[in-house]
Amino acid sequence: KASGGTIYGIYLFNINAAVRYLKVYDIYGRAPVVGTDRPVHTFGIPGATTGGAMIRAFGDGLAMLNGIAIALTTGMADSDTNAVAAGDILVEIDYL
């Protein structure tokens with residue numbers, strides 16, 4: 001989202017056996033530079049070959065002043081740049 005907004009809920013589904021990470025960035029009008037830009041929130045997605053899920057609701061929402069951008073990585077560190085395999089993760093974000 002290229003302007004400020006609020007995230008109200010996140011649903012994440014992972015079919016890889018290993019934990020994966022959703023990183024959320026408060027960035028205006030561009031994709032994040034993964035490994036360089038610092039995420040404001042990092043969410044672990046449980047791993048399971050039969051499917052691991054994470055559901056999170058934010059009652060008052062997570063305010064993002066500049067914009068909403070996301071990235072998926074295999075590592076938790078802000079500096080991690082390892083991409084996840086295509087088709088491993090389903091991401092649904094409720095936002096305004």
# chains A, B, ... in the order shown; residues from 1 in each chain; ligands from 1
>>> select_by_dssp(residues="chain A", states="strand (DSSP E)", output="PyMOL selection string")
chain A and resi 5-14+20-25+41-45+52-64+69-73+89-95
>>> residues_around(residues="stretch 50-63 of chain A", least_positions_apart="5", cutoff="7 Å", atoms="only C-alpha atoms", output="PDB file with all heavy atoms, in the first residue's frame")
ATOM      1  N   GLY A   5      -1.742   3.428   6.417  1.00  0.00           N
ATOM      2  CA  GLY A   5      -2.886   2.546   6.591  1.00  0.00           C
ATOM      3  C   GLY A   5      -2.800   1.821   7.916  1.00  0.00           C
ATOM      4  O   GLY A   5      -1.895   2.061   8.725  1.00  0.00           O
ATOM      5  N   THR A   6      -3.730   0.924   8.132  1.00  0.00           N
ATOM      6  CA  THR A   6      -3.799   0.160   9.375  1.00  0.00           C
ATOM      7  C   THR A   6      -4.027  -1.307   9.055  1.00  0.00           C
ATOM      8  O   THR A   6      -4.904  -1.642   8.258  1.00  0.00           O
ATOM      9  CB  THR A   6      -4.941   0.678  10.269  1.00  0.00           C
ATOM     10  OG1 THR A   6      -4.731   2.078  10.512  1.00  0.00           O
ATOM     11  CG2 THR A   6      -4.979  -0.053  11.596  1.00  0.00           C
ATOM     12  N   ILE A   7      -3.233  -2.174   9.672  1.00  0.00           N
ATOM     13  CA  ILE A   7      -3.394  -3.617   9.533  1.00  0.00           C
ATOM     14  C   ILE A   7      -4.264  -4.103  10.689  1.00  0.00           C
ATOM     15  O   ILE A   7      -3.969  -3.825  11.854  1.00  0.00           O
ATOM     16  CB  ILE A   7      -2.033  -4.337   9.556  1.00  0.00           C
ATOM     17  CG1 ILE A   7      -1.186  -3.889   8.367  1.00  0.00           C
ATOM     18  CG2 ILE A   7      -2.231  -5.858   9.550  1.00  0.00           C
ATOM     19  CD1 ILE A   7       0.242  -4.406   8.399  1.00  0.00           C
ATOM     20  N   TYR A   8      -5.336  -4.834  10.353  1.00  0.00           N
ATOM     21  CA  TYR A   8      -6.258  -5.339  11.377  1.00  0.00           C
ATOM     22  C   TYR A   8      -6.133  -6.840  11.617  1.00  0.00           C
ATOM     23  O   TYR A   8      -6.521  -7.330  12.677  1.00  0.00           O
ATOM     24  CB  TYR A   8      -7.696  -4.984  11.006  1.00  0.00           C
ATOM     25  CG  TYR A   8      -7.941  -3.510  11.114  1.00  0.00           C
ATOM     26  CD1 TYR A   8      -7.903  -2.696   9.990  1.00  0.00           C
ATOM     27  CD2 TYR A   8      -8.165  -2.922  12.351  1.00  0.00           C
ATOM     28  CE1 TYR A   8      -8.100  -1.331  10.092  1.00  0.00           C
ATOM     29  CE2 TYR A   8      -8.362  -1.555  12.465  1.00  0.00           C
ATOM     30  CZ  TYR A   8      -8.326  -0.763  11.327  1.00  0.00           C
ATOM     31  OH  TYR A   8      -8.508   0.585  11.443  1.00  0.00           O
ATOM     32  N   GLY A   9      -5.606  -7.565  10.666  1.00  0.00           N
ATOM     33  CA  GLY A   9      -5.455  -8.996  10.866  1.00  0.00           C
ATOM     34  C   GLY A   9      -4.529  -9.603   9.833  1.00  0.00           C
ATOM     35  O   GLY A   9      -4.355  -9.073   8.733  1.00  0.00           O
ATOM     36  N   ILE A  10      -3.900 -10.725  10.220  1.00  0.00           N
ATOM     37  CA  ILE A  10      -2.983 -11.438   9.335  1.00  0.00           C
ATOM     38  C   ILE A  10      -3.274 -12.925   9.444  1.00  0.00           C
ATOM     39  O   ILE A  10      -3.443 -13.462  10.542  1.00  0.00           O
ATOM     40  CB  ILE A  10      -1.516 -11.177   9.728  1.00  0.00           C
ATOM     41  CG1 ILE A  10      -1.160  -9.703   9.563  1.00  0.00           C
ATOM     42  CG2 ILE A  10      -0.571 -12.048   8.916  1.00  0.00           C
ATOM     43  CD1 ILE A  10       0.228  -9.352  10.061  1.00  0.00           C
ATOM     44  N   TYR A  11      -3.337 -13.600   8.292  1.00  0.00           N
ATOM     45  CA  TYR A  11      -3.441 -15.055   8.229  1.00  0.00           C
ATOM     46  C   TYR A  11      -2.281 -15.544   7.382  1.00  0.00           C
ATOM     47  O   TYR A  11      -2.086 -15.092   6.252  1.00  0.00           O
ATOM     48  CB  TYR A  11      -4.771 -15.489   7.608  1.00  0.00           C
ATOM     49  CG  TYR A  11      -4.821 -16.972   7.317  1.00  0.00           C
ATOM     50  CD1 TYR A  11      -5.004 -17.888   8.352  1.00  0.00           C
ATOM     51  CD2 TYR A  11      -4.670 -17.453   6.029  1.00  0.00           C
ATOM     52  CE1 TYR A  11      -5.034 -19.250   8.090  1.00  0.00           C
ATOM     53  CE2 TYR A  11      -4.699 -18.816   5.762  1.00  0.00           C
ATOM     54  CZ  TYR A  11      -4.877 -19.717   6.797  1.00  0.00           C
ATOM     55  OH  TYR A  11      -4.897 -21.054   6.545  1.00  0.00           O
ATOM     56  N   LEU A  12      -1.492 -16.464   7.936  1.00  0.00           N
ATOM     57  CA  LEU A  12      -0.325 -16.995   7.244  1.00  0.00           C
ATOM     58  C   LEU A  12      -0.377 -18.513   7.263  1.00  0.00           C
ATOM     59  O   LEU A  12      -0.686 -19.112   8.303  1.00  0.00           O
ATOM     60  CB  LEU A  12       0.956 -16.522   7.935  1.00  0.00           C
ATOM     61  CG  LEU A  12       1.096 -15.005   8.084  1.00  0.00           C
ATOM     62  CD1 LEU A  12       2.175 -14.659   9.079  1.00  0.00           C
ATOM     63  CD2 LEU A  12       1.374 -14.378   6.740  1.00  0.00           C
ATOM     64  N   PHE A  13      -0.064 -19.148   6.138  1.00  0.00           N
ATOM     65  CA  PHE A  13      -0.099 -20.601   6.023  1.00  0.00           C
ATOM     66  C   PHE A  13       1.180 -21.049   5.337  1.00  0.00           C
ATOM     67  O   PHE A  13       1.544 -20.524   4.288  1.00  0.00           O
ATOM     68  CB  PHE A  13      -1.329 -21.025   5.209  1.00  0.00           C
ATOM     69  CG  PHE A  13      -1.549 -22.505   5.166  1.00  0.00           C
ATOM     70  CD1 PHE A  13      -2.109 -23.166   6.240  1.00  0.00           C
ATOM     71  CD2 PHE A  13      -1.200 -23.222   4.043  1.00  0.00           C
ATOM     72  CE1 PHE A  13      -2.317 -24.544   6.206  1.00  0.00           C
ATOM     73  CE2 PHE A  13      -1.411 -24.596   3.986  1.00  0.00           C
ATOM     74  CZ  PHE A  13      -1.970 -25.261   5.079  1.00  0.00           C
ATOM     75  N   ASN A  14       1.876 -22.020   5.924  1.00  0.00           N
ATOM     76  CA  ASN A  14       3.194 -22.452   5.467  1.00  0.00           C
ATOM     77  C   ASN A  14       3.195 -23.958   5.242  1.00  0.00           C
ATOM     78  O   ASN A  14       2.921 -24.718   6.170  1.00  0.00           O
ATOM     79  CB  ASN A  14       4.223 -22.074   6.541  1.00  0.00           C
ATOM     80  CG  ASN A  14       5.626 -22.523   6.228  1.00  0.00           C
ATOM     81  OD1 ASN A  14       5.938 -22.958   5.131  1.00  0.00           O
ATOM     82  ND2 ASN A  14       6.494 -22.410   7.217  1.00  0.00           N
ATOM     83  N   ILE A  15       3.531 -24.408   4.021  1.00  0.00           N
ATOM     84  CA  ILE A  15       3.616 -25.845   3.768  1.00  0.00           C
ATOM     85  C   ILE A  15       5.056 -26.351   3.765  1.00  0.00           C
ATOM     86  O   ILE A  15       5.304 -27.507   3.451  1.00  0.00           O
ATOM     87  CB  ILE A  15       2.918 -26.256   2.447  1.00  0.00           C
ATOM     88  CG1 ILE A  15       3.554 -25.562   1.253  1.00  0.00           C
ATOM     89  CG2 ILE A  15       1.427 -26.006   2.530  1.00  0.00           C
ATOM     90  CD1 ILE A  15       3.116 -26.149  -0.086  1.00  0.00           C
ATOM     91  N   ILE A  45       6.103 -17.938  11.022  1.00  0.00           N
ATOM     92  CA  ILE A  45       5.047 -18.790  10.462  1.00  0.00           C
ATOM     93  C   ILE A  45       5.459 -20.234  10.738  1.00  0.00           C
ATOM     94  O   ILE A  45       6.444 -20.707  10.176  1.00  0.00           O
ATOM     95  CB  ILE A  45       4.884 -18.569   8.950  1.00  0.00           C
ATOM     96  CG1 ILE A  45       4.797 -17.075   8.605  1.00  0.00           C
ATOM     97  CG2 ILE A  45       3.666 -19.322   8.430  1.00  0.00           C
ATOM     98  CD1 ILE A  45       5.008 -16.767   7.136  1.00  0.00           C
TER      99      ILE A  45
END
>>> closest_residue(among="A:Ile68, A:Val91, A:Ala85, A:Ala18", to="A:Gly47", atoms="only C-alpha atoms")
A:Ala18
>>> atom_distance(atom1="atom CA of A:Thr36", atom2="atom CA of A:Gly4")
20.9 Å
>>> residues_around(residues="A:Lys1", least_positions_apart="5", cutoff="10 Å", atoms="only C-alpha atoms", output="list of chain:residue names")
A:Asp26, A:Ile27, A:Tyr28, A:Gly29, A:Arg30, A:Ala31, A:Met64, A:Asn66, A:Gly67, A:Ile68, A:Ala69, A:Ile70, A:Tyr95, A:Leu96
>>> closest_residue(among="A:Leu22, A:Ala71, A:Ala2, A:Leu65", to="A:Val34", atoms="only C-alpha atoms")
A:Ala71
>>> decode(residues="stretch 2-96 of chain A", atoms="C-alpha atoms", output="PDB file, in the first residue's frame")
ATOM      1  CA  ALA A   2       1.629   3.204  -1.156  1.00  0.00           C
ATOM      2  CA  SER A   3       0.187   5.365   1.615  1.00  0.00           C
ATOM      3  CA  GLY A   4      -0.458   5.153   5.335  1.00  0.00           C
ATOM      4  CA  GLY A   5      -2.886   2.546   6.591  1.00  0.00           C
ATOM      5  CA  THR A   6      -3.799   0.160   9.375  1.00  0.00           C
ATOM      6  CA  ILE A   7      -3.394  -3.617   9.533  1.00  0.00           C
ATOM      7  CA  TYR A   8      -6.258  -5.339  11.377  1.00  0.00           C
ATOM      8  CA  GLY A   9      -5.455  -8.996  10.866  1.00  0.00           C
ATOM      9  CA  ILE A  10      -2.983 -11.438   9.335  1.00  0.00           C
ATOM     10  CA  TYR A  11      -3.441 -15.055   8.229  1.00  0.00           C
ATOM     11  CA  LEU A  12      -0.325 -16.995   7.244  1.00  0.00           C
ATOM     12  CA  PHE A  13      -0.099 -20.601   6.023  1.00  0.00           C
ATOM     13  CA  ASN A  14       3.194 -22.452   5.467  1.00  0.00           C
ATOM     14  CA  ILE A  15       3.616 -25.845   3.768  1.00  0.00           C
ATOM     15  CA  ASN A  16       7.391 -25.928   4.257  1.00  0.00           C
ATOM     16  CA  ALA A  17       8.689 -28.020   7.182  1.00  0.00           C
ATOM     17  CA  ALA A  18      10.784 -25.091   8.437  1.00  0.00           C
ATOM     18  CA  VAL A  19       9.622 -21.873  10.084  1.00  0.00           C
ATOM     19  CA  ARG A  20       9.396 -18.910   7.715  1.00  0.00           C
ATOM     20  CA  TYR A  21       9.048 -15.193   8.494  1.00  0.00           C
ATOM     21  CA  LEU A  22       6.755 -12.398   7.342  1.00  0.00           C
ATOM     22  CA  LYS A  23       8.362  -8.981   7.675  1.00  0.00           C
ATOM     23  CA  VAL A  24       6.187  -5.869   7.629  1.00  0.00           C
ATOM     24  CA  TYR A  25       7.648  -2.500   6.655  1.00  0.00           C
ATOM     25  CA  ASP A  26       6.302   1.039   7.112  1.00  0.00           C
ATOM     26  CA  ILE A  27       7.517   2.353   3.735  1.00  0.00           C
ATOM     27  CA  TYR A  28       6.005   4.904   1.368  1.00  0.00           C
ATOM     28  CA  GLY A  29       5.423   3.947  -2.271  1.00  0.00           C
ATOM     29  CA  ARG A  30       8.059   1.254  -2.884  1.00  0.00           C
ATOM     30  CA  ALA A  31       8.969  -2.326  -2.201  1.00  0.00           C
ATOM     31  CA  PRO A  32      11.299  -2.916   0.745  1.00  0.00           C
ATOM     32  CA  VAL A  33      14.986  -3.548   0.233  1.00  0.00           C
ATOM     33  CA  VAL A  34      15.100  -6.833   2.128  1.00  0.00           C
ATOM     34  CA  GLY A  35      18.135  -7.073   4.369  1.00  0.00           C
ATOM     35  CA  THR A  36      18.660  -3.298   4.324  1.00  0.00           C
ATOM     36  CA  ASP A  37      15.322  -1.733   5.309  1.00  0.00           C
ATOM     37  CA  ARG A  38      14.329  -2.507   8.875  1.00  0.00           C
ATOM     38  CA  PRO A  39      10.944  -4.203   9.366  1.00  0.00           C
ATOM     39  CA  VAL A  40       8.672  -2.779  12.044  1.00  0.00           C
ATOM     40  CA  HIS A  41       7.137  -6.213  12.724  1.00  0.00           C
ATOM     41  CA  THR A  42       8.359  -9.773  12.129  1.00  0.00           C
ATOM     42  CA  PHE A  43       5.993 -12.744  12.418  1.00  0.00           C
ATOM     43  CA  GLY A  44       7.099 -16.371  12.563  1.00  0.00           C
ATOM     44  CA  ILE A  45       5.047 -18.790  10.462  1.00  0.00           C
ATOM     45  CA  PRO A  46       5.143 -22.315  11.944  1.00  0.00           C
ATOM     46  CA  GLY A  47       6.453 -24.975   9.613  1.00  0.00           C
ATOM     47  CA  ALA A  48       4.739 -28.273   8.809  1.00  0.00           C
ATOM     48  CA  THR A  49       4.635 -30.238   5.572  1.00  0.00           C
ATOM     49  CA  THR A  50       0.921 -30.761   6.235  1.00  0.00           C
ATOM     50  CA  GLY A  51       0.546 -27.009   6.748  1.00  0.00           C
ATOM     51  CA  GLY A  52       1.336 -24.715   9.648  1.00  0.00           C
ATOM     52  CA  ALA A  53      -0.672 -21.560  10.221  1.00  0.00           C
ATOM     53  CA  MET A  54      -0.565 -18.337  12.181  1.00  0.00           C
ATOM     54  CA  ILE A  55      -3.587 -16.095  12.680  1.00  0.00           C
ATOM     55  CA  ARG A  56      -3.245 -12.731  14.382  1.00  0.00           C
ATOM     56  CA  ALA A  57      -5.924 -10.093  14.952  1.00  0.00           C
ATOM     57  CA  PHE A  58      -5.114  -6.562  16.048  1.00  0.00           C
ATOM     58  CA  GLY A  59      -8.153  -5.030  17.760  1.00  0.00           C
ATOM     59  CA  ASP A  60      -7.130  -1.400  17.369  1.00  0.00           C
ATOM     60  CA  GLY A  61      -4.944  -2.214  14.389  1.00  0.00           C
ATOM     61  CA  LEU A  62      -1.264  -1.700  13.613  1.00  0.00           C
ATOM     62  CA  ALA A  63      -0.903   1.850  12.325  1.00  0.00           C
ATOM     63  CA  MET A  64       1.524   2.260   9.449  1.00  0.00           C
ATOM     64  CA  LEU A  65       2.126   5.957   8.859  1.00  0.00           C
ATOM     65  CA  ASN A  66       3.931   5.825   5.504  1.00  0.00           C
ATOM     66  CA  GLY A  67       2.712   2.701   3.720  1.00  0.00           C
ATOM     67  CA  ILE A  68       2.437  -1.066   4.055  1.00  0.00           C
ATOM     68  CA  ALA A  69       5.020  -3.350   2.443  1.00  0.00           C
ATOM     69  CA  ILE A  70       5.888  -6.978   3.178  1.00  0.00           C
ATOM     70  CA  ALA A  71       8.584  -9.557   2.508  1.00  0.00           C
ATOM     71  CA  LEU A  72       8.961 -13.263   3.266  1.00  0.00           C
ATOM     72  CA  THR A  73      12.297 -14.731   4.345  1.00  0.00           C
ATOM     73  CA  THR A  74      13.705 -17.976   5.688  1.00  0.00           C
ATOM     74  CA  GLY A  75      15.524 -16.232   8.569  1.00  0.00           C
ATOM     75  CA  MET A  76      14.349 -14.107  11.467  1.00  0.00           C
ATOM     76  CA  ALA A  77      17.159 -11.511  11.450  1.00  0.00           C
ATOM     77  CA  ASP A  78      16.339  -8.090   9.990  1.00  0.00           C
ATOM     78  CA  SER A  79      19.384  -8.541   7.726  1.00  0.00           C
ATOM     79  CA  ASP A  80      18.228 -11.931   6.335  1.00  0.00           C
ATOM     80  CA  THR A  81      17.756 -11.922   2.547  1.00  0.00           C
ATOM     81  CA  ASN A  82      17.041 -15.607   1.918  1.00  0.00           C
ATOM     82  CA  ALA A  83      13.859 -15.894  -0.134  1.00  0.00           C
ATOM     83  CA  VAL A  84      11.203 -18.544   0.452  1.00  0.00           C
ATOM     84  CA  ALA A  85      10.309 -21.023  -2.285  1.00  0.00           C
ATOM     85  CA  ALA A  86       7.434 -20.070  -4.572  1.00  0.00           C
ATOM     86  CA  GLY A  87       4.141 -21.555  -3.425  1.00  0.00           C
ATOM     87  CA  ASP A  88       5.263 -22.316   0.147  1.00  0.00           C
ATOM     88  CA  ILE A  89       3.452 -19.463   1.898  1.00  0.00           C
ATOM     89  CA  LEU A  90      -0.072 -18.067   1.698  1.00  0.00           C
ATOM     90  CA  VAL A  91      -0.457 -14.527   3.071  1.00  0.00           C
ATOM     91  CA  GLU A  92      -3.736 -12.720   3.717  1.00  0.00           C
ATOM     92  CA  ILE A  93      -3.685  -9.261   5.302  1.00  0.00           C
ATOM     93  CA  ASP A  94      -6.770  -7.281   6.322  1.00  0.00           C
ATOM     94  CA  TYR A  95      -5.979  -3.588   6.060  1.00  0.00           C
ATOM     95  CA  LEU A  96      -7.426  -0.178   5.339  1.00  0.00           C
TER      96      LEU A  96
END
